[in-house]
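**Q** Quick one, input33.pdb (PDB, C-alpha atoms and all ligand atoms):
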ATOM      1  CA  MET A   1      16.771 -63.254  29.283
ATOM      2  CA  LYS A   2      13.863 -61.216  30.484
ATOM      3  CA  ASP A   3      16.260 -58.571  31.762
ATOM      4  CA  GLN A   4      17.890 -58.201  28.371
ATOM      5  CA  ALA A   5      14.543 -57.802  26.591
ATOM      6  CA  GLU A   6      13.606 -55.198  29.164
ATOM      7  CA  LYS A   7      16.864 -53.321  28.520
ATOM      8  CA  LEU A   8      16.256 -53.378  24.774
ATOM      9  CA  ARG A   9      12.765 -52.008  25.263
ATOM     10  CA  GLU A  10      14.155 -49.225  27.429
ATOM     11  CA  MET A  11      16.759 -48.417  24.785
ATOM     12  CA  ALA A  12      14.118 -48.295  22.059
ATOM     13  CA  LEU A  13      12.013 -46.015  24.233
ATOM     14  CA  GLY A  14      15.016 -43.743  24.823
ATOM     15  CA  ILE A  15      15.663 -43.467  21.081
ATOM     16  CA  LYS A  16      11.980 -42.723  20.428
ATOM     17  CA  GLN A  17      12.010 -39.980  23.052
ATOM     18  CA  GLN A  18      15.176 -38.501  21.554
ATOM     19  CA  ILE A  19      13.598 -38.419  18.067
ATOM     20  CA  GLU A  20      10.467 -36.773  19.456
ATOM     21  CA  GLU A  21      12.598 -34.207  21.282
ATOM     22  CA  ASP A  22      14.502 -33.444  18.037
ATOM     23  CA  LEU A  23      11.233 -33.028  16.158
ATOM     24  CA  ARG A  24       9.903 -30.704  18.829
ATOM     25  CA  TYR A  25      13.101 -28.646  18.548
ATOM     26  CA  GLU A  26      12.531 -28.332  14.798
ATOM     27  CA  MET A  27       9.011 -27.075  15.462
ATOM     28  CA  ARG A  28      10.305 -24.553  17.947
ATOM     29  CA  LYS A  29      11.809 -22.342  15.301
ATOM     30  CA  THR A  30      11.640 -18.643  15.952
ATOM     31  CA  ARG A  31       8.741 -16.750  14.370
ATOM     32  CA  VAL A  32      10.164 -13.907  12.308
ATOM     33  CA  LEU A  33       7.758 -10.978  12.045
ATOM     34  CA  VAL A  34       8.622  -8.038   9.812
ATOM     35  CA  ILE A  35       6.822  -4.771  10.597
ATOM     36  CA  THR A  36       6.486  -2.439   7.654
ATOM     37  CA  SER A  37       4.377   0.351   6.154
ATOM     38  CA  GLY A  38       3.964   2.241   2.906
ATOM     39  CA  LYS A  39       4.033   5.730   4.366
ATOM     40  CA  GLY A  40       6.616   6.803   6.929
ATOM     41  CA  GLY A  41       5.852   7.908  10.475
ATOM     42  CA  VAL A  42       2.721   5.792  10.901
ATOM     43  CA  GLY A  43       3.924   4.004  14.055
ATOM     44  CA  LYS A  44       6.125   1.036  13.011
ATOM     45  CA  SER A  45       8.779   1.561  15.663
ATOM     46  CA  THR A  46       6.213   2.380  18.358
ATOM     47  CA  LEU A  47       4.354  -0.852  17.617
ATOM     48  CA  ALA A  48       7.516  -2.959  17.184
ATOM     49  CA  LEU A  49       8.887  -1.934  20.568
ATOM     50  CA  ASN A  50       5.674  -2.040  22.573
ATOM     51  CA  LEU A  51       4.488  -5.292  21.003
ATOM     52  CA  ALA A  52       7.894  -6.859  21.687
ATOM     53  CA  LEU A  53       7.721  -5.744  25.323
ATOM     54  CA  ASN A  54       4.182  -7.024  25.729
ATOM     55  CA  LEU A  55       5.288 -10.443  24.441
ATOM     56  CA  CYS A  56       8.289 -10.361  26.820
ATOM     57  CA  ALA A  57       6.002  -9.550  29.752
ATOM     58  CA  ARG A  58       4.061 -12.713  28.845
ATOM     59  CA  GLY A  59       7.236 -14.735  29.243
ATOM     60  CA  LYS A  60       8.066 -14.966  25.537
ATOM     61  CA  LYS A  61      11.665 -14.604  24.445
ATOM     62  CA  VAL A  62      11.918 -11.801  21.928
ATOM     63  CA  VAL A  63      14.729 -10.284  19.898
ATOM     64  CA  LEU A  64      14.056  -6.995  18.139
ATOM     65  CA  MET A  65      16.089  -6.020  15.088
ATOM     66  CA  ASP A  66      16.266  -2.425  13.980
ATOM     67  CA  ALA A  67      16.374  -2.608  10.203
ATOM     68  CA  ASP A  68      15.554   1.061   9.706
ATOM     69  CA  LEU A  69      18.394   2.642   7.836
ATOM     70  CA  GLY A  70      17.366   6.150   8.768
ATOM     71  CA  LEU A  71      17.474   7.016  12.405
ATOM     72  CA  ALA A  72      18.284   4.295  14.876
ATOM     73  CA  ASN A  73      14.858   4.729  16.415
ATOM     74  CA  LEU A  74      14.536   1.820  18.749
ATOM     75  CA  ASP A  75      17.515   2.475  20.971
ATOM     76  CA  ILE A  76      16.633   6.174  21.224
ATOM     77  CA  MET A  77      13.106   5.217  22.225
ATOM     78  CA  LEU A  78      14.607   3.262  25.107
ATOM     79  CA  GLY A  79      17.303   5.805  25.933
ATOM     80  CA  LEU A  80      19.992   3.256  25.084
ATOM     81  CA  VAL A  81      23.240   4.004  23.314
ATOM     82  CA  PRO A  82      24.496   0.948  21.476
ATOM     83  CA  GLN A  83      28.228   0.879  20.889
ATOM     84  CA  TYR A  84      28.099  -1.554  18.023
ATOM     85  CA  ASN A  85      25.660  -2.677  15.368
ATOM     86  CA  LEU A  86      25.264  -5.195  12.560
ATOM     87  CA  HIS A  87      27.963  -3.364  10.629
ATOM     88  CA  HIS A  88      30.580  -4.540  13.171
ATOM     89  CA  LEU A  89      29.303  -8.117  12.932
ATOM     90  CA  ILE A  90      29.564  -8.030   9.144
ATOM     91  CA  LEU A  91      33.111  -6.704   9.331
ATOM     92  CA  GLY A  92      33.924  -9.632  11.616
ATOM     93  CA  LYS A  93      35.033  -7.192  14.336
ATOM     94  CA  LYS A  94      32.349  -8.087  16.860
ATOM     95  CA  SER A  95      30.317 -11.156  17.708
ATOM     96  CA  LEU A  96      26.543 -11.292  17.771
ATOM     97  CA  LYS A  97      26.757 -11.278  21.569
ATOM     98  CA  ASP A  98      28.851  -8.081  21.492
ATOM     99  CA  ILE A  99      26.369  -6.157  19.364
ATOM    100  CA  THR A 100      23.181  -7.308  21.124
ATOM    101  CA  ILE A 101      21.871  -4.950  23.811
ATOM    102  CA  SER A 102      19.356  -5.639  26.566
ATOM    103  CA  GLY A 103      16.127  -3.717  27.088
ATOM    104  CA  PRO A 104      13.388  -4.038  29.719
ATOM    105  CA  TYR A 105      11.759  -7.430  30.516
ATOM    106  CA  GLY A 106      14.666  -9.333  29.018
ATOM    107  CA  LEU A 107      14.093  -7.924  25.534
ATOM    108  CA  LYS A 108      17.161  -8.188  23.299
ATOM    109  CA  ILE A 109      17.858  -5.654  20.591
ATOM    110  CA  ILE A 110      20.113  -5.981  17.554
ATOM    111  CA  PRO A 111      20.952  -2.497  16.300
ATOM    112  CA  GLY A 112      20.988  -2.664  12.523
ATOM    113  CA  GLY A 113      22.593   0.622  11.523
ATOM    114  CA  SER A 114      24.203   0.667   8.122
ATOM    115  CA  GLY A 115      24.827  -3.073   8.429
ATOM    116  CA  ILE A 116      21.392  -3.829   7.025
ATOM    117  CA  ASN A 117      22.293  -2.267   3.701
ATOM    118  CA  GLU A 118      25.610  -4.068   3.612
ATOM    119  CA  LEU A 119      23.891  -7.448   3.872
ATOM    120  CA  ALA A 120      22.778  -6.862   0.285
ATOM    121  CA  ASN A 121      26.324  -6.451  -1.006
ATOM    122  CA  LEU A 122      28.109  -9.311   0.692
ATOM    123  CA  GLU A 123      30.018 -11.981  -1.134
ATOM    124  CA  SER A 124      28.435 -15.402  -0.699
ATOM    125  CA  GLU A 125      31.173 -16.631   1.629
ATOM    126  CA  GLU A 126      30.709 -13.690   3.979
ATOM    127  CA  LEU A 127      26.955 -13.901   3.728
ATOM    128  CA  ARG A 128      27.106 -17.561   4.719
ATOM    129  CA  ARG A 129      29.117 -16.621   7.812
ATOM    130  CA  ILE A 130      26.609 -13.946   8.851
ATOM    131  CA  ILE A 131      23.646 -16.246   8.203
ATOM    132  CA  ALA A 132      25.292 -18.948  10.301
ATOM    133  CA  GLU A 133      25.926 -16.410  13.053
ATOM    134  CA  LEU A 134      22.366 -15.027  13.087
ATOM    135  CA  GLY A 135      21.004 -18.544  12.627
ATOM    136  CA  LYS A 136      22.398 -19.419  16.053
ATOM    137  CA  LEU A 137      19.514 -17.391  17.470
ATOM    138  CA  ASP A 138      17.043 -19.848  15.955
ATOM    139  CA  GLY A 139      15.095 -21.692  18.610
ATOM    140  CA  GLN A 140      16.601 -19.487  21.344
ATOM    141  CA  TYR A 141      13.825 -16.963  20.858
ATOM    142  CA  ASP A 142      10.097 -17.281  20.331
ATOM    143  CA  TYR A 143       9.978 -14.171  18.165
ATOM    144  CA  MET A 144      12.318 -12.054  16.106
ATOM    145  CA  ILE A 145      10.566  -8.763  15.355
ATOM    146  CA  ILE A 146      12.107  -6.650  12.614
ATOM    147  CA  ASP A 147      11.325  -2.941  12.416
ATOM    148  CA  THR A 148      11.879  -1.664   8.871
ATOM    149  CA  GLY A 149      11.962   1.750   7.289
ATOM    150  CA  ALA A 150       8.954   2.871   5.292
ATOM    151  CA  GLY A 151       8.191   2.422   1.614
ATOM    152  CA  ILE A 152       9.133   0.240  -1.275
ATOM    153  CA  SER A 153      12.903   0.722  -1.093
ATOM    154  CA  LYS A 154      15.043  -2.252  -2.055
ATOM    155  CA  ASN A 155      16.071  -2.788   1.528
ATOM    156  CA  VAL A 156      12.518  -2.910   2.840
ATOM    157  CA  ILE A 157      11.261  -5.132   0.032
ATOM    158  CA  THR A 158      14.121  -7.579   0.539
ATOM    159  CA  PHE A 159      13.103  -7.982   4.166
ATOM    160  CA  VAL A 160       9.430  -8.228   3.340
ATOM    161  CA  LEU A 161       9.965 -10.834   0.620
ATOM    162  CA  ALA A 162      12.135 -13.013   2.828
ATOM    163  CA  ALA A 163       9.642 -13.066   5.694
ATOM    164  CA  ASN A 164       7.003 -15.659   6.492
ATOM    165  CA  GLU A 165       5.068 -13.116   8.449
ATOM    166  CA  VAL A 166       4.613  -9.478   7.602
ATOM    167  CA  LEU A 167       2.669  -6.940   9.621
ATOM    168  CA  VAL A 168       1.609  -3.875   7.627
ATOM    169  CA  ILE A 169       0.710  -0.839   9.701
ATOM    170  CA  THR A 170      -1.222   2.179   8.489
ATOM    171  CA  THR A 171      -3.185   5.113   9.875
ATOM    172  CA  PRO A 172      -6.739   5.826   8.665
ATOM    173  CA  GLU A 173      -5.440   8.648   6.428
ATOM    174  CA  PRO A 174      -6.179   7.976   2.743
ATOM    175  CA  THR A 175      -2.526   8.598   1.795
ATOM    176  CA  ALA A 176      -1.263   6.073   4.343
ATOM    177  CA  ILE A 177      -3.864   3.506   3.250
ATOM    178  CA  THR A 178      -2.968   3.927  -0.428
ATOM    179  CA  ASP A 179       0.723   3.440   0.368
ATOM    180  CA  ALA A 180      -0.050   0.410   2.568
ATOM    181  CA  TYR A 181      -1.965  -1.082  -0.367
ATOM    182  CA  GLY A 182       1.123  -0.476  -2.533
ATOM    183  CA  ILE A 183       3.272  -2.549  -0.174
ATOM    184  CA  VAL A 184       0.688  -5.331  -0.037
ATOM    185  CA  LYS A 185       0.564  -5.336  -3.836
ATOM    186  CA  SER A 186       4.330  -5.923  -3.997
ATOM    187  CA  ILE A 187       3.914  -8.771  -1.528
ATOM    188  CA  ALA A 188       1.082 -10.227  -3.620
ATOM    189  CA  ARG A 189       3.479 -10.747  -6.540
ATOM    190  CA  LYS A 190       5.662 -12.989  -4.455
ATOM    191  CA  SER A 191       5.183 -16.735  -4.443
ATOM    192  CA  GLY A 192       4.937 -18.959  -1.404
ATOM    193  CA  ALA A 193       3.048 -18.983   1.848
ATOM    194  CA  ILE A 194       2.921 -15.858   3.903
ATOM    195  CA  ASN A 195       0.965 -14.687   6.898
ATOM    196  CA  LEU A 196      -0.015 -11.100   6.315
ATOM    197  CA  TYR A 197      -1.319  -8.960   9.166
ATOM    198  CA  LEU A 198      -2.781  -5.473   9.385
ATOM    199  CA  VAL A 199      -2.776  -2.953  12.232
ATOM    200  CA  VAL A 200      -4.535   0.421  11.982
ATOM    201  CA  ASN A 201      -2.842   3.014  14.167
ATOM    202  CA  ARG A 202      -3.999   6.382  15.506
ATOM    203  CA  VAL A 203      -7.696   5.727  15.087
ATOM    204  CA  ALA A 204     -10.234   8.136  16.613
ATOM    205  CA  SER A 205     -12.486   5.320  17.837
ATOM    206  CA  ASN A 206     -12.753   1.533  17.950
ATOM    207  CA  SER A 207     -15.379   1.589  15.232
ATOM    208  CA  GLU A 208     -13.076   3.563  12.928
ATOM    209  CA  GLY A 209     -10.324   0.972  13.519
ATOM    210  CA  ILE A 210     -12.615  -1.942  12.733
ATOM    211  CA  MET A 211     -14.110  -0.253   9.673
ATOM    212  CA  VAL A 212     -10.773   0.719   8.103
ATOM    213  CA  ALA A 213      -9.367  -2.767   8.663
ATOM    214  CA  GLU A 214     -12.413  -4.516   7.202
ATOM    215  CA  LYS A 215     -12.439  -2.273   4.131
ATOM    216  CA  PHE A 216      -8.714  -2.836   3.563
ATOM    217  CA  LYS A 217      -9.152  -6.577   3.942
ATOM    218  CA  LEU A 218     -11.984  -6.647   1.411
ATOM    219  CA  VAL A 219     -10.042  -4.587  -1.153
ATOM    220  CA  CYS A 220      -7.037  -6.933  -0.825
ATOM    221  CA  GLN A 221      -9.294  -9.936  -1.275
ATOM    222  CA  LYS A 222     -11.098  -8.504  -4.280
ATOM    223  CA  PHE A 223      -8.241  -6.975  -6.253
ATOM    224  CA  LEU A 224      -5.206  -8.972  -5.138
ATOM    225  CA  GLU A 225      -6.832 -12.251  -4.093
ATOM    226  CA  LEU A 226      -4.827 -11.944  -0.938
ATOM    227  CA  SER A 227      -5.941 -12.663   2.569
ATOM    228  CA  ILE A 228      -4.800 -10.174   5.195
ATOM    229  CA  THR A 229      -5.619 -10.722   8.872
ATOM    230  CA  PRO A 230      -6.505  -7.620  10.899
ATOM    231  CA  LEU A 231      -4.769  -7.918  14.283
ATOM    232  CA  GLY A 232      -6.418  -4.819  15.711
ATOM    233  CA  HIS A 233      -5.989  -1.089  16.001
ATOM    234  CA  ILE A 234      -4.400   1.456  18.329
ATOM    235  CA  VAL A 235      -6.221   4.630  19.300
ATOM    236  CA  ASP A 236      -4.586   8.001  18.864
ATOM    237  CA  GLU A 237      -3.117   8.747  22.266
ATOM    238  CA  PRO A 238      -1.111  11.893  23.061
ATOM    239  CA  LEU A 239       0.729  10.011  25.836
ATOM    240  CA  VAL A 240       2.452   7.877  23.163
ATOM    241  CA  GLY A 241       4.501  10.967  22.297
ATOM    242  CA  GLU A 242       5.185  11.533  25.978
ATOM    243  CA  GLY A 243       6.725   8.047  26.211
ATOM    244  CA  ILE A 244       9.023   8.856  23.301
ATOM    245  CA  ARG A 245      10.034  12.181  24.881
ATOM    246  CA  ARG A 246      10.834  10.423  28.144
ATOM    247  CA  GLN A 247      12.670   7.680  26.255
ATOM    248  CA  GLN A 248      10.628   5.033  27.984
ATOM    249  CA  PRO A 249       8.318   2.475  26.433
ATOM    250  CA  PHE A 250       4.737   3.626  26.339
ATOM    251  CA  ILE A 251       3.135   0.423  27.651
ATOM    252  CA  THR A 252       5.287   0.417  30.782
ATOM    253  CA  LEU A 253       4.728   4.137  31.475
ATOM    254  CA  PHE A 254       0.991   4.153  30.791
ATOM    255  CA  PRO A 255      -0.270   0.575  31.052
ATOM    256  CA  LYS A 256      -3.858   1.589  31.844
ATOM    257  CA  THR A 257      -4.543   3.622  28.699
ATOM    258  CA  ALA A 258      -6.721   2.370  25.849
ATOM    259  CA  ALA A 259      -3.674   2.365  23.546
ATOM    260  CA  SER A 260      -1.839  -0.068  25.865
ATOM    261  CA  SER A 261      -4.850  -2.329  25.983
ATOM    262  CA  ASN A 262      -4.992  -2.179  22.160
ATOM    263  CA  ILE A 263      -1.397  -3.421  22.012
ATOM    264  CA  ASN A 264      -2.324  -6.198  24.408
ATOM    265  CA  THR A 265      -5.112  -7.307  22.067
ATOM    266  CA  ILE A 266      -2.747  -7.256  19.076
ATOM    267  CA  ALA A 267      -0.255  -9.452  20.998
ATOM    268  CA  GLU A 268      -3.020 -11.863  21.988
ATOM    269  CA  ARG A 269      -4.190 -12.263  18.403
ATOM    270  CA  LEU A 270      -0.643 -12.806  17.213
ATOM    271  CA  LEU A 271      -0.126 -15.480  19.856
ATOM    272  CA  SER A 272      -3.371 -17.219  19.010
ATOM    273  CA  ASP A 273      -1.998 -17.524  15.498
ATOM    274  CA  ASP A 274       0.962 -19.608  16.726
ATOM    275  CA  GLN A 275      -0.621 -22.880  15.663
ATOM    276  CA  LYS A 276      -1.486 -21.606  12.174
ATOM    277  CA  GLN A 277       2.074 -20.432  11.786
ATOM    278  CA  ILE A 278       3.515 -23.801  12.832
ATOM    279  CA  GLU A 279       1.334 -25.507  10.231
ATOM    280  CA  SER A 280       2.414 -23.118   7.475
ATOM    281  CA  LEU A 281       6.064 -23.782   8.348
ATOM    282  CA  GLY A 282       5.612 -27.018   6.461
ATOM    283  CA  ALA A 283       4.861 -25.065   3.306
ATOM    284  CA  ARG A 284       7.694 -22.600   3.685
ATOM    285  CA  ALA A 285      10.516 -23.196   6.109
ATOM    286  CA  GLY A 286      10.471 -20.656   8.917
ATOM    287  CA  GLY A 287      13.033 -19.593  11.453
ATOM    288  CA  ILE A 288      15.752 -16.980  11.568
ATOM    289  CA  ARG A 289      18.308 -18.992   9.607
ATOM    290  CA  ASN A 290      15.921 -19.556   6.709
ATOM    291  CA  PHE A 291      14.857 -15.929   6.774
ATOM    292  CA  PHE A 292      18.413 -14.698   6.280
ATOM    293  CA  ARG A 293      19.090 -17.464   3.755
ATOM    294  CA  ARG A 294      16.191 -16.142   1.701
ATOM    295  CA  ILE A 295      17.581 -12.617   1.999
ATOM    296  CA  GLY A 296      20.780 -14.018   0.506
ATOM    297  CA  GLY A 297      18.762 -15.679  -2.280
ATOM    298  CA  ILE A 298      16.799 -12.533  -3.097
ATOM    299  CA  VAL A 299      19.901 -10.395  -3.117
ATOM    300  CA  LYS A 300      21.824 -12.721  -5.402
ATOM    301  CA  SER A 301      19.001 -13.316  -7.885
TER     302      SER A 301
HETATM  303  N1  LIG A 401      -1.199   5.660  18.641
HETATM  304  C1  LIG A 401      -0.518   6.814  18.588
HETATM  305  N2  LIG A 401      -1.037   7.958  19.140
HETATM  306  C2  LIG A 401      -0.355   9.112  19.086
HETATM  307  N3  LIG A 401       0.837   9.249  18.534
HETATM  308  C3  LIG A 401       1.413   8.167  17.960
HETATM  309  C4  LIG A 401       0.767   6.903  17.956
HETATM  310  N4  LIG A 401       1.573   6.015  17.316
HETATM  311  C5  LIG A 401       2.658   6.710  16.930
HETATM  312  N5  LIG A 401       2.579   8.006  17.319
HETATM  313  C6  LIG A 401       3.566   9.072  17.067
HETATM  314  O1  LIG A 401       3.882   9.096  15.697
HETATM  315  C7  LIG A 401       5.253   9.376  15.507
HETATM  316  C8  LIG A 401       5.867   8.358  14.586
HETATM  317  O2  LIG A 401       5.863   7.089  15.214
HETATM  318  P1  LIG A 401       6.973   6.009  14.870
HETATM  319  O3  LIG A 401       8.339   6.565  15.010
HETATM  320  O4  LIG A 401       6.639   4.784  15.650
HETATM  321  O5  LIG A 401       6.642   5.775  13.332
HETATM  322  P2  LIG A 401       7.498   4.980  12.254
HETATM  323  O6  LIG A 401       6.511   4.391  11.315
HETATM  324  O7  LIG A 401       8.444   4.045  12.918
HETATM  325  O8  LIG A 401       8.300   6.158  11.547
HETATM  326  P3  LIG A 401       9.502   6.001  10.471
HETATM  327  O9  LIG A 401       8.841   5.704   9.157
HETATM  328  O10 LIG A 401      10.154   7.353  10.488
HETATM  329  O11 LIG A 401      10.388   4.904  10.953
HETATM  330  C9  LIG A 401       5.893   9.418  16.886
HETATM  331  O12 LIG A 401       6.106  10.740  17.252
HETATM  332  C10 LIG A 401       4.862   8.782  17.789
HETATM  333  O13 LIG A 401       4.849   9.388  19.060
HETATM  334 MG    MG A 402      10.571   3.843  12.712
END
Just give me the structure as structure tokens.

**A**
Amino acid sequence: MKDQAEKLREMALGIKQQIEEDLRYEMRKTRVLVITSGKGGVGKSTLALNLALNLCARGKKVVLMDADLGLANLDIMLGLVPQYNLHHLILGKKSLKDITISGPYGLKIIPGGSGINELANLESEELRRIIAELGKLDGQYDYMIIDTGAGISKNVITFVLAANEVLVITTPEPTAITDAYGIVKSIARKSGAINLYLVVNRVASNSEGIMVAEKFKLVCQKFLELSITPLGHIVDEPLVGEGIRRQQPFITLFPKTAASSNINTIAERLLSDDQKQIESLGARAGGIRNFFRRIGGIVKS
């Protein structure tokens, strides 16, 4: 008799553990971070790649998606030549595994190419297939970082609106700041929870970085009633260009420079926000699958 009761208790415990494991899996959804800017050429791709690599070096699993319709920047920055891109996945000619390429530290890259634009024109049946395919990545990665083109084009806005987390990057130039404010203003019109981050690139000094970020934050609070979290700044560093010329990531070539340490700080702040992000997932479902579902919703509406 006692044995049977013991067995039942063990069974109940097993079921409880299974439920807890399932819940933990749900919480382990991938954080999707979209990197964008108002003005072009302010350092989106540089940050996307080096931030992704920094997170990889910390043992995080990261997939980087190149959603810039212009030049396929990211693979050139790494000296890689992808054979396929999202376009081939959409056509059903290649699988997600076929189009994904590997970078340093286990980083995975999904070349977007023209495929990003095509996402907007898919029939719902096709879109469902692509969402299901990309959704398979959910939980497999800690982060999906999406590098967008600049500006308020339909493509960029679609990505920004679908994201739970958006990082806006600007330089201290007044034109870049004004354009960054324009992007934030478009985000402000959207409903739902969002984590909005700011990075100031190419600053002359730490104090300039801090000052520009604080000013921008205050303006967003005052005029848009929007809270934006400064993640840090990156100093202007001529060696960044050298990394691009050598087609090697800057932080691996020049890890001891101030700019590399700036990227490290940005990664640390992003990581320390993990808990906040998990909590906000309750308000607005996160993960890769939901991100692409929302893209579908925005495109169809
Ligand atoms: N901190 C920095 N110091 C010096 N140069 C930098 C820095 N960050 C970026 N750059 C340079 O600025 C140029 C543009 O950078 P990047 O390609 O990352 O910008 P982008 O925002 O992705 O541009 P696009 O809008 O065309 O996609 C590159 O030549 C890069 O070397
Ligand atoms: Mg770019």

**Q** Starting from the PyMOL selection byres (((not hetatm)) within 8 of (chain A and resi 401)), expand the selection into actual residues of this file and give them as an MDAnalysis selection string.

**A** chainID A and resid 36:37 39:48 68 70:71 73 147:150 169 201:203 234:244 259

**Q** If you keep C-alpha atoms, can you produce a file of those selected residues as an mmCIF file, in the frame of the given file?

**A**
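Once written, result.cif looks like this:
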data_model
loop_
_atom_site.group_PDB
_atom_site.id
_atom_site.type_symbol
_atom_site.label_atom_id
_atom_site.label_comp_id
_atom_site.auth_asym_id
_atom_site.auth_seq_id
_atom_site.Cartn_x
_atom_site.Cartn_y
_atom_site.Cartn_z
ATOM 1 C CA THR A 36 6.486 -2.439 7.654
ATOM 2 C CA SER A 37 4.377 0.351 6.154
ATOM 3 C CA LYS A 39 4.033 5.730 4.366
ATOM 4 C CA GLY A 40 6.616 6.803 6.929
ATOM 5 C CA GLY A 41 5.852 7.908 10.475
ATOM 6 C CA VAL A 42 2.721 5.792 10.901
ATOM 7 C CA GLY A 43 3.924 4.004 14.055
ATOM 8 C CA LYS A 44 6.125 1.036 13.011
ATOM 9 C CA SER A 45 8.779 1.561 15.663
ATOM 10 C CA THR A 46 6.213 2.380 18.358
ATOM 11 C CA LEU A 47 4.354 -0.852 17.617
ATOM 12 C CA ALA A 48 7.516 -2.959 17.184
ATOM 13 C CA ASP A 68 15.554 1.061 9.706
ATOM 14 C CA GLY A 70 17.366 6.150 8.768
ATOM 15 C CA LEU A 71 17.474 7.016 12.405
ATOM 16 C CA ASN A 73 14.858 4.729 16.415
ATOM 17 C CA ASP A 147 11.325 -2.941 12.416
ATOM 18 C CA THR A 148 11.879 -1.664 8.871
ATOM 19 C CA GLY A 149 11.962 1.750 7.289
ATOM 20 C CA ALA A 150 8.954 2.871 5.292
ATOM 21 C CA ILE A 169 0.710 -0.839 9.701
ATOM 22 C CA ASN A 201 -2.842 3.014 14.167
ATOM 23 C CA ARG A 202 -3.999 6.382 15.506
ATOM 24 C CA VAL A 203 -7.696 5.727 15.087
ATOM 25 C CA ILE A 234 -4.400 1.456 18.329
ATOM 26 C CA VAL A 235 -6.221 4.630 19.300
ATOM 27 C CA ASP A 236 -4.586 8.001 18.864
ATOM 28 C CA GLU A 237 -3.117 8.747 22.266
ATOM 29 C CA PRO A 238 -1.111 11.893 23.061
ATOM 30 C CA LEU A 239 0.729 10.011 25.836
ATOM 31 C CA VAL A 240 2.452 7.877 23.163
ATOM 32 C CA GLY A 241 4.501 10.967 22.297
ATOM 33 C CA GLU A 242 5.185 11.533 25.978
ATOM 34 C CA GLY A 243 6.725 8.047 26.211
ATOM 35 C CA ILE A 244 9.023 8.856 23.301
ATOM 36 C CA ALA A 259 -3.674 2.365 23.546
#

**Q** Considering only C-alpha atoms, can you say which of A:Gly112, A:Gly79, A:Gly38, A:Pro104 comes closest to Ile251 of chain A?

**A** A:Pro104

**Q** What's around Val81 of chain A at 12 Å? Count only C-alpha atoms, leave out sequence neighbours fewer than 6 positions away in its own chain, and write the answer as an MDAnalysis selection string.

**A** chainID A and resid 72:75 99:103 109:111 247

**Q** With C-alpha atoms kept, could you save the residues just selected as a PDB file, in the frame of the given file?

**A**
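The result, stored in again_6.pdb:
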ATOM      1  CA  ALA A  72      18.284   4.295  14.876  1.00  0.00           C
ATOM      2  CA  ASN A  73      14.858   4.729  16.415  1.00  0.00           C
ATOM      3  CA  LEU A  74      14.536   1.820  18.749  1.00  0.00           C
ATOM      4  CA  ASP A  75      17.515   2.475  20.971  1.00  0.00           C
ATOM      5  CA  ILE A  99      26.369  -6.157  19.364  1.00  0.00           C
ATOM      6  CA  THR A 100      23.181  -7.308  21.124  1.00  0.00           C
ATOM      7  CA  ILE A 101      21.871  -4.950  23.811  1.00  0.00           C
ATOM      8  CA  SER A 102      19.356  -5.639  26.566  1.00  0.00           C
ATOM      9  CA  GLY A 103      16.127  -3.717  27.088  1.00  0.00           C
ATOM     10  CA  ILE A 109      17.858  -5.654  20.591  1.00  0.00           C
ATOM     11  CA  ILE A 110      20.113  -5.981  17.554  1.00  0.00           C
ATOM     12  CA  PRO A 111      20.952  -2.497  16.300  1.00  0.00           C
ATOM     13  CA  GLN A 247      12.670   7.680  26.255  1.00  0.00           C
TER      14      GLN A 247
END

**Q** Report the residues retrieved by the PyMOL selection byres (((chain A and resi 172-174) around 8) and not hetatm) from the displayed file, expressed as an NGL selection string.

**A** :A and (170-171 or 175-178 or 200-203 or 208-209 or 212)

**Q** Pick the closest to ligand MG 402 (chain A) from A:Leu96, A:Ile146, A:Leu91, A:Met11: which is it, counting only C-alpha atoms and all ligand atoms?

**A**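 Closest to ligand MG 402 (chain A), using only C-alpha atoms and all ligand atoms: A:Ile146.
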
**Q** How would you write, as a PyMOL selection string, the residues chosen by the PyMOL selection byres (((chain A and resi 162) around 7) and not hetatm) on this structure?

**A** chain A and resi 158-161+163-164+291+294-295

**Q** Report the distance between atom CA of Gly14 of chain A and atom CA of Asp138 of chain A in Å, rounded to one decimal place.

**A**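 Atom-to-atom, atom CA of Gly14 of chain A and atom CA of Asp138 of chain A are spaced 25.6 Å apart.
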
**Q** Identify, on the basis of all atoms listed in the file, every residue whose closest approach to Arg269 of chain A does not exceed 12 Å; exclude the query and any residue fewer than 2 positions from it along the same chain; express the result as an MDAnalysis selection string.

**A** chainID A and resid 51 55 197:199 229:233 262:267 271:276

**Q** Can you tell me how far atom CA of Leu137 of chain A sits from atom CA of Phe292 of chain A, in Å to one decimal?

**A**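 It comes out at 11.6 Å.
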
**Q** Could you rebuild segment 62-66 of chain A with N, CA and C atoms and give it back as a compact mmCIF listing (two decimals), in the frame of the given file?

**A**
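Contents of selection-v9.txt, freshly written:
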# COMPACT_ATOMS: atom_id res chain seq x y z
N VAL A 62 12.05 -12.61 23.14
CA VAL A 62 11.92 -11.80 21.93
C VAL A 62 13.23 -11.07 21.63
N VAL A 63 13.60 -11.10 20.35
CA VAL A 63 14.73 -10.28 19.90
C VAL A 63 14.19 -9.32 18.84
N LEU A 64 14.57 -8.05 19.00
CA LEU A 64 14.06 -7.00 18.14
C LEU A 64 15.22 -6.51 17.28
N MET A 65 15.01 -6.51 15.95
CA MET A 65 16.09 -6.02 15.09
C MET A 65 15.68 -4.71 14.44
N ASP A 66 16.54 -3.74 14.55
CA ASP A 66 16.27 -2.42 13.98
C ASP A 66 16.81 -2.40 12.56
